[in-house]
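What follows is a short report on a single structure.
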Amino acid sequence: MSAQKTRLEERFRWRSLPQPLRCVGLLGWVLACLVSLPVSAQQVPERYEQYIQRFPQNQSLLEETLNRFGLTNEEVGPGFALVVGVDFYPQLKGREELKPAGVDLDKLVAYLEGQERFQEIVVLRNEAVTLENLDYFLKRYFPKQLERVPGKKGRFLLAFSGHGVQEGVDGYLLEPDAKRFDPEFGISFSVIKGLYRRILQHSHQSLVLINACHSGAFLERESYGQMIPRDPGHWAITAGGSVDELVWHDAAIGPGSIFFEKLFAALDGRADTLPYWEEGPSGDGLVTVEELFAYLKSEVQIATRQSQTPRMGNISIHGDQGSFFFFDHDRKVIRKTGRTKVPPSERRTSFGSVDCPNGKTCLDLAAHQARRDNLESANAFLYRACSLGDLTGCTYLGLHFYRGLGVEQDYVEAARFFGEACEAGGAVACASLGVMYRDGVGVTQDLAEAVRLSRLGCDGGTALGCSVLGHLFESGFGVDADLSEAARFYRLGCDGGDAMGCANLGTLFSEGSGVDKDSAEAFRYFTLACSGGDARGCSSLGNLYERGEGVDADKGFAKLFYQQGCDAGDAWGCEQVERLQ
């Protein structure tokens with residue numbers, strides 16, 4: 001076997017289905033809370049102390065609230081927030097006041113204190129919105145506070161409302177002393193994301209909310225999906241869907257911005273739609289990021305005749321799938337008894353032992369059970385959905401057999417259910433089955449079939465299928481090797497949110513294979529890969545920092561990214577960490 005083939009096989013050895021497929025799982029119903037044990041104050045310079053608001057915690061009330069959702073103080077941490085906004089720009093002649101932004105700030109602080117019981121809220125308003133203050137609170141103050149939370153279960157919210165500007169594809173928050181709408185007077189989203197990196201490293205779950213024109217530039221690509229209970233997760237929702245998109249206020253909707261007015265409406269119970277209940281309103285008293293975004297995207301588009309489209313993306317370092325969430329205060333009391341309309345545990349015996357009228361209802365009930373870690377019962381509902389012809393139910397069931405979730409791991413059964421969903425037109429199932437035919441897992445290895453199925457998945461819009469197809473073209477498995485085609489499909493996979501596709505494309509740019517050698521592009525794609533949770537992407541990013549290719553050499557960052565790659569399971573990254581000790 002050639003060294004090249006050995007290298008390729010090692011590089012593409014998947015211990016499990018890749019990230020895009022893992023996002024499909026029904027473990028996405030997050031149980032966490034916004035408050036927990038109080039964290040002691042740290043020494044703060046006087047110039048910063050003025051911005052901090054601290055609120056006492058009632059531990060007995062807190063424990064009672066958590067217990068309603070099957071949680072305790074030990075499982076979820078206290079809430080911290082940095083609320084930032086500008087409602088007055090004194091040097092913008094004729095545009096000095098931005099009253100809706102001030103309303104957004106006031107309502108959000110009141111809500112976090114009175115309804116969600118956050119432990120600490122820092123408010124930077126108008127002249128306090130400076131890069132120096134953002135640097136202190138995002139890089140120094142809050143990371144230390146989050147480190148003090150037992151079990152590092154702290155939760156963090158960053159919110160901004162004010163003017164935004166753009167230059168090319170880059171977006172900026174307009175500073176309060178701006179003389180005109182120009183990036184010269186702005187704070188770059190790239191800088192803010194760099195400052196926020198320490199929050200990602202020290203918090204369990206976090207959420208960024210940005211209401212500003214051109215806010216879509218904050219997210220490099222849109223991504224969302226179902227989430228795993230109690231897991232870490234970091235997300236951002238922007239008021240606009242692209243770098244060119246404007247956002248605004250409508251007095252007919254409320255005194256604040258359309259984005260935040262709709263957000264507060266969502267939290268009064270309207271966005272709490274899952275799980276499905278046979279009697280009474282659906283929901284469980286928690287509004288996850290997934291539910292919140294679904295509501296915002298629909299309502300804001302309706303209110304603006306599709307001129308403003310909120311956007312959501314995962315900003316986790318490792319692409320984890322936990323979720324920040326809010327309480328639905330109108331419904332949490334109704335659900336506190338834990339009553340349920342799903343069949344009781346004694347009916348969780350075998351597939352076919354439950355009943356539901358249609359595929360959507362079955363999936364909602366499966367989600368309800370999965371959120372409570374009743375995977376056997378969830379699988380029963382998935383099987384019922386699949387038997388009713390719901391390809392999503394078949395896909396989920398295939399994933400659960402592949403990974404041994406609530407059933408004994410069985411690759412043959414996984415392939416069977418993926419096959420049923422694929423035949424019904426399920427692109428994700430086709431791509432997943434393509435992986436199995438490529439690797440000879442659960443089926444007899446057939447590279448030509450792997451190519452066919454991966455192409456079906458890619459053509460159907462599944463990033464996983466495109467990335468797998470790129471690998472097949474790069475390695476010459478089942479098709480003539482063609483590095484330019486490999487690069488094309490990797491790019492499609494990466495653009496669709498597949499971190500491994502980004503890592504593979506970064507490698508091609510680094511080596512000049514199928515594309516012109518371009519270290520800057522390699523750096524960009526390795527960064528996307530690492531942000532999406534690809535271990536090899538992080539290690540490769542460390543290598544670029546060490547060698548100074550595509551970026552200024554920095555041994556500190558090199559060690560950081562090698563360590564991230566190692567922590568995520570990349571053996572080569574671990575070797576580099578040991579070498580640099």
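Here's how to read the names in the structure tokens: chain A, B, ... by the order shown, residue numbers from 1 in each chain, ligand numbers from 1 in the order shown.
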For region 144-147 of chain A, work out the shell of residues within 12 Å, counting only C-alpha atoms and skipping chain neighbours fewer than 5 positions away, then give it as a PyMOL selection string. chain A and resi 37-44+77-81+119-121+136-139+152-156+198-206
Output N, CA and C atoms for every residue in the selection just made, as a compact mmCIF listing (two decimals), in the first residue's frame.
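Result saved to selection.txt:
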# COMPACT_ATOMS: atom_id res chain seq x y z
N LEU A 37 -25.77 28.16 42.25
CA LEU A 37 -25.09 28.62 43.44
C LEU A 37 -24.44 29.98 43.20
N PRO A 38 -24.50 30.89 44.18
CA PRO A 38 -23.91 32.21 43.99
C PRO A 38 -22.39 32.10 43.88
N VAL A 39 -21.82 33.01 43.10
CA VAL A 39 -20.37 33.07 42.92
C VAL A 39 -19.86 34.32 43.59
N SER A 40 -18.80 34.19 44.35
CA SER A 40 -18.28 35.32 45.10
C SER A 40 -17.71 36.37 44.16
N ALA A 41 -17.74 37.64 44.62
CA ALA A 41 -17.23 38.74 43.81
C ALA A 41 -15.71 38.72 43.82
N GLN A 42 -15.12 39.23 42.76
CA GLN A 42 -13.68 39.36 42.67
C GLN A 42 -13.30 40.83 42.79
N GLN A 43 -12.04 41.09 43.03
CA GLN A 43 -11.55 42.45 43.11
C GLN A 43 -11.66 43.10 41.74
N VAL A 44 -12.35 44.24 41.68
CA VAL A 44 -12.58 44.91 40.41
C VAL A 44 -12.15 46.37 40.53
N GLY A 77 -25.56 25.99 36.23
CA GLY A 77 -24.89 27.08 36.92
C GLY A 77 -25.62 28.40 36.86
N PRO A 78 -25.09 29.40 37.54
CA PRO A 78 -25.70 30.72 37.58
C PRO A 78 -25.59 31.42 36.24
N GLY A 79 -26.45 32.41 36.03
CA GLY A 79 -26.44 33.17 34.79
C GLY A 79 -25.68 34.47 34.93
N PHE A 80 -24.86 34.78 33.92
CA PHE A 80 -24.12 36.04 33.85
C PHE A 80 -24.47 36.68 32.50
N ALA A 81 -24.51 38.00 32.46
CA ALA A 81 -24.85 38.67 31.21
C ALA A 81 -24.05 39.95 31.03
N GLN A 119 -27.47 36.08 38.10
CA GLN A 119 -26.72 36.46 39.29
C GLN A 119 -25.97 37.77 39.10
N GLU A 120 -25.41 38.00 37.90
CA GLU A 120 -24.69 39.24 37.63
C GLU A 120 -25.01 39.74 36.22
N ILE A 121 -25.23 41.04 36.12
CA ILE A 121 -25.46 41.67 34.82
C ILE A 121 -24.57 42.90 34.72
N TYR A 136 -12.05 44.12 28.86
CA TYR A 136 -11.95 43.77 30.28
C TYR A 136 -13.00 42.74 30.68
N PHE A 137 -14.25 42.97 30.31
CA PHE A 137 -15.32 42.10 30.79
C PHE A 137 -15.35 40.76 30.05
N LEU A 138 -15.02 40.74 28.76
CA LEU A 138 -15.07 39.48 28.02
C LEU A 138 -13.81 38.65 28.18
N LYS A 139 -12.67 39.26 28.37
CA LYS A 139 -11.42 38.51 28.46
C LYS A 139 -10.93 38.31 29.89
N LYS A 152 -17.85 24.21 36.63
CA LYS A 152 -17.80 25.06 35.43
C LYS A 152 -19.11 24.98 34.64
N LYS A 153 -20.23 25.13 35.37
CA LYS A 153 -21.54 25.04 34.74
C LYS A 153 -22.15 26.43 34.49
N GLY A 154 -21.36 27.47 34.53
CA GLY A 154 -21.87 28.81 34.34
C GLY A 154 -22.44 29.05 32.95
N ARG A 155 -23.42 29.95 32.89
CA ARG A 155 -24.10 30.27 31.64
C ARG A 155 -23.93 31.76 31.37
N PHE A 156 -23.80 32.12 30.08
CA PHE A 156 -23.46 33.49 29.76
C PHE A 156 -24.29 34.00 28.58
N ARG A 198 -12.65 33.50 25.09
CA ARG A 198 -12.42 33.07 26.47
C ARG A 198 -13.73 32.72 27.17
N ILE A 199 -14.82 33.38 26.78
CA ILE A 199 -16.13 33.00 27.32
C ILE A 199 -16.46 31.58 26.89
N LEU A 200 -16.18 31.26 25.63
CA LEU A 200 -16.44 29.91 25.13
C LEU A 200 -15.64 28.87 25.91
N GLN A 201 -14.45 29.23 26.29
CA GLN A 201 -13.57 28.28 26.98
C GLN A 201 -13.98 28.04 28.43
N HIS A 202 -14.66 29.02 29.05
CA HIS A 202 -14.92 28.91 30.49
C HIS A 202 -16.40 28.77 30.85
N SER A 203 -17.31 28.94 29.90
CA SER A 203 -18.74 28.80 30.21
C SER A 203 -19.25 27.46 29.72
N HIS A 204 -20.33 27.01 30.33
CA HIS A 204 -20.96 25.75 29.94
C HIS A 204 -21.87 25.95 28.74
N GLN A 205 -22.63 27.03 28.78
CA GLN A 205 -23.52 27.36 27.68
C GLN A 205 -23.57 28.87 27.54
N SER A 206 -23.71 29.36 26.32
CA SER A 206 -23.80 30.81 26.12
C SER A 206 -24.63 31.13 24.89
For region 495-510 of chain A, work out the shell of residues within 8 Å, counting only C-alpha atoms and skipping chain neighbours fewer than 3 positions away, then give it as number ranges by chain. A: 18-20, 221-223, 461-464, 466-467, 470, 487, 490-492, 513-519, 521-526, 528-534, 536-537
Residue subset to file, keeping N, CA and C atoms, as an mmCIF file, in the first residue's frame:
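The resulting out-v9.cif:
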data_model
loop_
_atom_site.group_PDB
_atom_site.id
_atom_site.type_symbol
_atom_site.label_atom_id
_atom_site.label_comp_id
_atom_site.auth_asym_id
_atom_site.auth_seq_id
_atom_site.Cartn_x
_atom_site.Cartn_y
_atom_site.Cartn_z
ATOM 1 N N PRO A 18 -20.014 11.700 10.905
ATOM 2 C CA PRO A 18 -19.523 13.061 11.117
ATOM 3 C C PRO A 18 -20.539 13.993 11.735
ATOM 4 N N GLN A 19 -20.042 15.203 12.054
ATOM 5 C CA GLN A 19 -20.829 16.180 12.783
ATOM 6 C C GLN A 19 -22.191 16.478 12.188
ATOM 7 N N PRO A 20 -22.326 16.696 10.864
ATOM 8 C CA PRO A 20 -23.648 17.030 10.345
ATOM 9 C C PRO A 20 -24.693 15.971 10.654
ATOM 10 N N ARG A 221 -21.422 31.275 8.857
ATOM 11 C CA ARG A 221 -22.388 30.436 8.160
ATOM 12 C C ARG A 221 -23.497 30.071 9.136
ATOM 13 N N GLU A 222 -24.669 29.841 8.579
ATOM 14 C CA GLU A 222 -25.829 29.507 9.392
ATOM 15 C C GLU A 222 -25.811 28.033 9.736
ATOM 16 N N SER A 223 -26.135 27.699 10.963
ATOM 17 C CA SER A 223 -26.218 26.293 11.356
ATOM 18 C C SER A 223 -27.132 26.171 12.560
ATOM 19 N N GLY A 461 -28.740 18.502 -0.910
ATOM 20 C CA GLY A 461 -28.425 19.612 -0.015
ATOM 21 C C GLY A 461 -27.795 19.229 1.303
ATOM 22 N N THR A 462 -27.308 17.984 1.421
ATOM 23 C CA THR A 462 -26.687 17.541 2.669
ATOM 24 C C THR A 462 -25.173 17.721 2.604
ATOM 25 N N ALA A 463 -24.632 18.529 3.479
ATOM 26 C CA ALA A 463 -23.204 18.832 3.468
ATOM 27 C C ALA A 463 -22.365 17.571 3.626
ATOM 28 N N LEU A 464 -22.829 16.655 4.463
ATOM 29 C CA LEU A 464 -22.104 15.402 4.672
ATOM 30 C C LEU A 464 -21.865 14.681 3.350
ATOM 31 N N CYS A 466 -21.676 15.863 0.335
ATOM 32 C CA CYS A 466 -20.687 16.577 -0.479
ATOM 33 C C CYS A 466 -19.270 16.310 0.014
ATOM 34 N N SER A 467 -19.064 16.337 1.330
ATOM 35 C CA SER A 467 -17.725 16.100 1.868
ATOM 36 C C SER A 467 -17.258 14.672 1.609
ATOM 37 N N GLY A 470 -16.260 14.414 -1.895
ATOM 38 C CA GLY A 470 -14.943 15.014 -2.064
ATOM 39 C C GLY A 470 -13.834 14.056 -1.693
ATOM 40 N N ALA A 487 -11.826 19.251 -4.434
ATOM 41 C CA ALA A 487 -11.886 20.590 -3.843
ATOM 42 C C ALA A 487 -13.277 21.191 -4.002
ATOM 43 N N TYR A 490 -15.572 19.441 -1.508
ATOM 44 C CA TYR A 490 -15.233 19.858 -0.144
ATOM 45 C C TYR A 490 -15.778 21.261 0.128
ATOM 46 N N ARG A 491 -15.675 22.136 -0.866
ATOM 47 C CA ARG A 491 -16.160 23.500 -0.683
ATOM 48 C C ARG A 491 -17.676 23.512 -0.461
ATOM 49 N N LEU A 492 -18.397 22.675 -1.232
ATOM 50 C CA LEU A 492 -19.843 22.572 -1.036
ATOM 51 C C LEU A 492 -20.161 22.063 0.369
ATOM 52 N N SER A 513 -2.959 21.100 -3.679
ATOM 53 C CA SER A 513 -3.484 19.919 -4.374
ATOM 54 C C SER A 513 -4.884 20.216 -4.913
ATOM 55 N N GLY A 514 -5.008 20.251 -6.247
ATOM 56 C CA GLY A 514 -6.303 20.517 -6.849
ATOM 57 C C GLY A 514 -6.678 21.982 -6.871
ATOM 58 N N VAL A 515 -5.943 22.791 -6.143
ATOM 59 C CA VAL A 515 -6.119 24.246 -6.089
ATOM 60 C C VAL A 515 -4.739 24.868 -5.993
ATOM 61 N N ASP A 516 -4.643 26.155 -6.278
ATOM 62 C CA ASP A 516 -3.369 26.841 -6.099
ATOM 63 C C ASP A 516 -3.034 26.890 -4.613
ATOM 64 N N LYS A 517 -1.781 26.647 -4.300
ATOM 65 C CA LYS A 517 -1.361 26.710 -2.901
ATOM 66 C C LYS A 517 -1.631 28.106 -2.356
ATOM 67 N N ASP A 518 -2.322 28.184 -1.247
ATOM 68 C CA ASP A 518 -2.719 29.471 -0.674
ATOM 69 C C ASP A 518 -2.827 29.314 0.836
ATOM 70 N N SER A 519 -1.791 29.735 1.541
ATOM 71 C CA SER A 519 -1.754 29.556 2.998
ATOM 72 C C SER A 519 -2.836 30.355 3.697
ATOM 73 N N GLU A 521 -5.856 30.986 2.523
ATOM 74 C CA GLU A 521 -7.092 30.223 2.392
ATOM 75 C C GLU A 521 -7.065 28.988 3.284
ATOM 76 N N ALA A 522 -5.893 28.356 3.387
ATOM 77 C CA ALA A 522 -5.763 27.201 4.281
ATOM 78 C C ALA A 522 -6.088 27.612 5.707
ATOM 79 N N PHE A 523 -5.565 28.764 6.113
ATOM 80 C CA PHE A 523 -5.829 29.267 7.467
ATOM 81 C C PHE A 523 -7.328 29.506 7.659
ATOM 82 N N ARG A 524 -7.969 30.107 6.659
ATOM 83 C CA ARG A 524 -9.400 30.394 6.770
ATOM 84 C C ARG A 524 -10.215 29.116 6.937
ATOM 85 N N TYR A 525 -9.917 28.106 6.134
ATOM 86 C CA TYR A 525 -10.718 26.884 6.195
ATOM 87 C C TYR A 525 -10.394 26.040 7.426
ATOM 88 N N PHE A 526 -9.150 26.053 7.874
ATOM 89 C CA PHE A 526 -8.825 25.341 9.113
ATOM 90 C C PHE A 526 -9.521 26.020 10.297
ATOM 91 N N LEU A 528 -12.426 27.616 10.165
ATOM 92 C CA LEU A 528 -13.822 27.178 10.098
ATOM 93 C C LEU A 528 -13.974 25.756 10.624
ATOM 94 N N ALA A 529 -13.020 24.894 10.249
ATOM 95 C CA ALA A 529 -13.088 23.500 10.676
ATOM 96 C C ALA A 529 -12.972 23.384 12.190
ATOM 97 N N CYS A 530 -12.013 24.089 12.751
ATOM 98 C CA CYS A 530 -11.804 24.033 14.200
ATOM 99 C C CYS A 530 -13.014 24.596 14.937
ATOM 100 N N SER A 531 -13.560 25.714 14.435
ATOM 101 C CA SER A 531 -14.751 26.306 15.059
ATOM 102 C C SER A 531 -15.925 25.346 15.005
ATOM 103 N N GLY A 532 -15.960 24.503 13.960
ATOM 104 C CA GLY A 532 -17.040 23.545 13.824
ATOM 105 C C GLY A 532 -16.817 22.251 14.561
ATOM 106 N N GLY A 533 -15.683 22.120 15.273
ATOM 107 C CA GLY A 533 -15.451 20.946 16.101
ATOM 108 C C GLY A 533 -14.578 19.875 15.499
ATOM 109 N N ASP A 534 -13.912 20.153 14.362
ATOM 110 C CA ASP A 534 -13.065 19.145 13.742
ATOM 111 C C ASP A 534 -11.687 19.151 14.405
ATOM 112 N N ARG A 536 -8.848 17.584 13.665
ATOM 113 C CA ARG A 536 -7.702 17.744 12.770
ATOM 114 C C ARG A 536 -7.580 19.184 12.293
ATOM 115 N N GLY A 537 -8.728 19.870 12.119
ATOM 116 C CA GLY A 537 -8.694 21.270 11.730
ATOM 117 C C GLY A 537 -7.988 22.117 12.775
#
Which neighbours of Leu388 (chain A) fall inside 12 Å, counting only C-alpha atoms, when residues of the same chain fewer than 2 positions from it are skipped, and could you give them as a list in words?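 Near neighbours after the sequence-gap exclusion: Gly352, Asp355, Cys356, Pro357, Asn358, Gly359, Lys360, Thr361, Cys362, Leu363, Phe381, Leu382, Tyr383, Arg384, Ala385, Cys386, Asp390, Leu391, Thr392, Gly393, Cys394, Glu420 and Ala421 of chain A.
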Using only C-alpha atoms, can you tell me which of A:Arg438, A:His249, A:Arg180, A:Arg311 comes closest to Ser215 (chain A)? A:Arg311
Quick one: distance from CA of Phe417 (chain A) to CA of Gly398 (chain A) in Å, one decimal? 4.9 Å
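From CA of Tyr196 (chain A) back to CA of Glu132 (chain A), the distance works out to 13.7 Å.
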Using CA of Asp104 (chain A) and CA of Ser161 (chain A) as the two end points, give the distance in Å to one decimal.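 Interatomic distance, CA of Asp104 (chain A) to CA of Ser161 (chain A): 6.9 Å.
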List the neighbours of region 301-307 of chain A out to 9 Å using only C-alpha atoms; skip same-chain residues closer than 6 positions along the sequence, and give me the result as a PDB file with C-alpha atoms, in the first residue's frame.
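Saved as result-v9.pdb:
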ATOM      1  CA  GLU A 245     -29.334  43.451   5.653  1.00  0.00           C
ATOM      2  CA  LEU A 246     -30.759  46.359   7.633  1.00  0.00           C
ATOM      3  CA  VAL A 247     -32.818  46.060  10.829  1.00  0.00           C
ATOM      4  CA  ASP A 250     -41.807  49.517  13.993  1.00  0.00           C
ATOM      5  CA  ILE A 253     -45.064  46.276  17.045  1.00  0.00           C
ATOM      6  CA  ILE A 258     -38.581  44.515  15.932  1.00  0.00           C
TER       7      ILE A 258
END
Report as a ChimeraX atom specification: the residues of region 60-290 of chain A with a DSSP assignment of strand (DSSP E), based on the backbone of this structure. /A:79-85,120-125,155-161,164-167,170-174,186-188,205-211,233-238,286-288
In terms of the shortest atom-to-atom distance over only C-alpha atoms, which of A:Leu207, A:Leu173, A:Cys213, A:Cys538 is closest to Leu82 (chain A)?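 Among the listed residues, the smallest separation from Leu82 (chain A) belongs to A:Leu207.
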Polymer residues at most 10 Å from region 409-416 of chain A, only C-alpha atoms, same-chain spacing of 5 or more positions, as a PyMOL selection string: chain A and resi 394-404+421-422+429-430+432-434+436-437+441-443
Output for the residues just chosen: N, CA, C and O atoms as an mmCIF file, in the first residue's frame:
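Contents of the output file selection.cif:
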data_model
loop_
_atom_site.group_PDB
_atom_site.id
_atom_site.type_symbol
_atom_site.label_atom_id
_atom_site.label_comp_id
_atom_site.auth_asym_id
_atom_site.auth_seq_id
_atom_site.Cartn_x
_atom_site.Cartn_y
_atom_site.Cartn_z
ATOM 1 N N CYS A 394 -37.299 7.330 10.161
ATOM 2 C CA CYS A 394 -36.391 6.260 9.725
ATOM 3 C C CYS A 394 -34.931 6.692 9.853
ATOM 4 O O CYS A 394 -34.073 5.913 10.270
ATOM 5 N N THR A 395 -34.651 7.930 9.476
ATOM 6 C CA THR A 395 -33.272 8.438 9.562
ATOM 7 C C THR A 395 -32.793 8.460 11.001
ATOM 8 O O THR A 395 -31.682 8.013 11.321
ATOM 9 N N TYR A 396 -33.621 8.985 11.892
ATOM 10 C CA TYR A 396 -33.248 9.028 13.305
ATOM 11 C C TYR A 396 -33.017 7.625 13.859
ATOM 12 O O TYR A 396 -32.090 7.379 14.630
ATOM 13 N N LEU A 397 -33.902 6.710 13.482
ATOM 14 C CA LEU A 397 -33.775 5.343 13.988
ATOM 15 C C LEU A 397 -32.485 4.704 13.469
ATOM 16 O O LEU A 397 -31.807 3.979 14.202
ATOM 17 N N GLY A 398 -32.145 4.981 12.203
ATOM 18 C CA GLY A 398 -30.879 4.499 11.671
ATOM 19 C C GLY A 398 -29.705 5.030 12.465
ATOM 20 O O GLY A 398 -28.762 4.293 12.787
ATOM 21 N N LEU A 399 -29.750 6.314 12.794
ATOM 22 C CA LEU A 399 -28.676 6.907 13.600
ATOM 23 C C LEU A 399 -28.580 6.239 14.959
ATOM 24 O O LEU A 399 -27.483 5.944 15.447
ATOM 25 N N HIS A 400 -29.708 5.981 15.595
ATOM 26 C CA HIS A 400 -29.700 5.374 16.933
ATOM 27 C C HIS A 400 -29.140 3.949 16.887
ATOM 28 O O HIS A 400 -28.428 3.541 17.803
ATOM 29 N N PHE A 401 -29.462 3.194 15.848
ATOM 30 C CA PHE A 401 -28.854 1.865 15.721
ATOM 31 C C PHE A 401 -27.355 1.975 15.432
ATOM 32 O O PHE A 401 -26.566 1.161 15.913
ATOM 33 N N TYR A 402 -26.965 2.956 14.644
ATOM 34 C CA TYR A 402 -25.552 3.131 14.313
ATOM 35 C C TYR A 402 -24.736 3.428 15.566
ATOM 36 O O TYR A 402 -23.622 2.918 15.734
ATOM 37 N N ARG A 403 -25.307 4.225 16.453
ATOM 38 C CA ARG A 403 -24.543 4.662 17.630
ATOM 39 C C ARG A 403 -24.934 3.917 18.902
ATOM 40 O O ARG A 403 -24.362 4.170 19.961
ATOM 41 N N GLY A 404 -25.905 3.026 18.837
ATOM 42 C CA GLY A 404 -26.307 2.283 20.020
ATOM 43 C C GLY A 404 -27.022 3.139 21.036
ATOM 44 O O GLY A 404 -26.776 3.026 22.240
ATOM 45 N N ALA A 421 -35.184 5.364 4.433
ATOM 46 C CA ALA A 421 -35.304 6.819 4.358
ATOM 47 C C ALA A 421 -34.724 7.350 3.052
ATOM 48 O O ALA A 421 -35.271 8.278 2.444
ATOM 49 N N CYS A 422 -33.629 6.755 2.617
ATOM 50 C CA CYS A 422 -32.995 7.189 1.373
ATOM 51 C C CYS A 422 -33.922 6.943 0.185
ATOM 52 O O CYS A 422 -34.087 7.810 -0.691
ATOM 53 N N ALA A 429 -30.057 10.530 4.989
ATOM 54 C CA ALA A 429 -29.966 9.069 5.052
ATOM 55 C C ALA A 429 -29.110 8.527 3.912
ATOM 56 O O ALA A 429 -28.307 7.607 4.110
ATOM 57 N N CYS A 430 -29.265 9.091 2.719
ATOM 58 C CA CYS A 430 -28.446 8.639 1.582
ATOM 59 C C CYS A 430 -26.962 8.884 1.865
ATOM 60 O O CYS A 430 -26.119 8.011 1.622
ATOM 61 N N SER A 432 -25.495 9.179 4.749
ATOM 62 C CA SER A 432 -25.062 8.305 5.839
ATOM 63 C C SER A 432 -24.825 6.885 5.335
ATOM 64 O O SER A 432 -23.844 6.237 5.714
ATOM 65 N N LEU A 433 -25.729 6.416 4.492
ATOM 66 C CA LEU A 433 -25.566 5.078 3.927
ATOM 67 C C LEU A 433 -24.347 5.046 3.005
ATOM 68 O O LEU A 433 -23.659 4.020 2.915
ATOM 69 N N GLY A 434 -24.064 6.160 2.340
ATOM 70 C CA GLY A 434 -22.861 6.246 1.515
ATOM 71 C C GLY A 434 -21.603 6.042 2.328
ATOM 72 O O GLY A 434 -20.657 5.368 1.889
ATOM 73 N N MET A 436 -21.383 4.226 5.017
ATOM 74 C CA MET A 436 -21.333 2.823 5.388
ATOM 75 C C MET A 436 -20.850 1.956 4.222
ATOM 76 O O MET A 436 -20.074 1.019 4.407
ATOM 77 N N TYR A 437 -21.296 2.267 2.992
ATOM 78 C CA TYR A 437 -20.820 1.517 1.824
ATOM 79 C C TYR A 437 -19.346 1.820 1.546
ATOM 80 O O TYR A 437 -18.607 0.937 1.102
ATOM 81 N N VAL A 441 -19.212 -0.965 6.477
ATOM 82 C CA VAL A 441 -19.760 -1.119 7.822
ATOM 83 C C VAL A 441 -21.250 -1.419 7.716
ATOM 84 O O VAL A 441 -22.024 -0.604 7.220
ATOM 85 N N GLY A 442 -21.672 -2.616 8.146
ATOM 86 C CA GLY A 442 -23.071 -3.007 8.096
ATOM 87 C C GLY A 442 -23.523 -3.471 6.726
ATOM 88 O O GLY A 442 -24.633 -3.978 6.580
ATOM 89 N N VAL A 443 -22.692 -3.251 5.735
ATOM 90 C CA VAL A 443 -22.982 -3.661 4.356
ATOM 91 C C VAL A 443 -21.664 -4.122 3.733
ATOM 92 O O VAL A 443 -20.581 -3.871 4.261
#
Quick one: residues within 9 Å of Gly569 (chain A), only C-alpha atoms, excluding same-chain residues fewer than 5 positions away - as a ChimeraX atom specification? /A:535-536,564,574
Non-local contacts of region 45-55 of chain A (8 Å; only C-alpha atoms; under 4 positions in same chain excluded) as a PyMOL selection string: chain A and resi 113+117-124+133
Please give the complete set of residues from region 114-237 of chain A that DSSP, run on the backbone, assigns to alpha helix (DSSP H), formatted as an NGL selection string. :A and (114 or 131-135 or 142-147 or 189-202)
Selection from above, C-alpha atoms, as an mmCIF file, in the first residue's frame, can you write it?
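Contents of part-v2.cif, freshly written:
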data_model
loop_
_atom_site.group_PDB
_atom_site.id
_atom_site.type_symbol
_atom_site.label_atom_id
_atom_site.label_comp_id
_atom_site.auth_asym_id
_atom_site.auth_seq_id
_atom_site.Cartn_x
_atom_site.Cartn_y
_atom_site.Cartn_z
ATOM 1 C CA GLY A 114 -36.809 39.699 37.487
ATOM 2 C CA LEU A 131 -13.177 48.385 23.174
ATOM 3 C CA GLU A 132 -11.342 48.726 26.494
ATOM 4 C CA ASN A 133 -14.481 47.881 28.495
ATOM 5 C CA LEU A 134 -15.423 44.995 26.212
ATOM 6 C CA ASP A 135 -11.900 43.640 26.482
ATOM 7 C CA PHE A 142 -16.372 37.139 33.263
ATOM 8 C CA PRO A 143 -13.925 34.277 32.493
ATOM 9 C CA LYS A 144 -12.740 34.483 36.110
ATOM 10 C CA GLN A 145 -16.320 34.520 37.405
ATOM 11 C CA LEU A 146 -17.223 31.550 35.234
ATOM 12 C CA GLU A 147 -14.152 29.644 36.441
ATOM 13 C CA PHE A 189 -17.287 41.673 14.741
ATOM 14 C CA SER A 190 -14.041 39.768 14.227
ATOM 15 C CA VAL A 191 -12.541 41.540 17.239
ATOM 16 C CA ILE A 192 -15.611 40.818 19.351
ATOM 17 C CA LYS A 193 -15.504 37.133 18.391
ATOM 18 C CA GLY A 194 -11.842 37.064 19.370
ATOM 19 C CA LEU A 195 -12.639 38.553 22.790
ATOM 20 C CA TYR A 196 -15.544 36.132 23.202
ATOM 21 C CA ARG A 197 -13.291 33.123 22.765
ATOM 22 C CA ARG A 198 -12.421 33.066 26.474
ATOM 23 C CA ILE A 199 -16.131 33.004 27.323
ATOM 24 C CA LEU A 200 -16.444 29.909 25.134
ATOM 25 C CA GLN A 201 -13.567 28.281 26.983
ATOM 26 C CA HIS A 202 -14.925 28.914 30.490
#
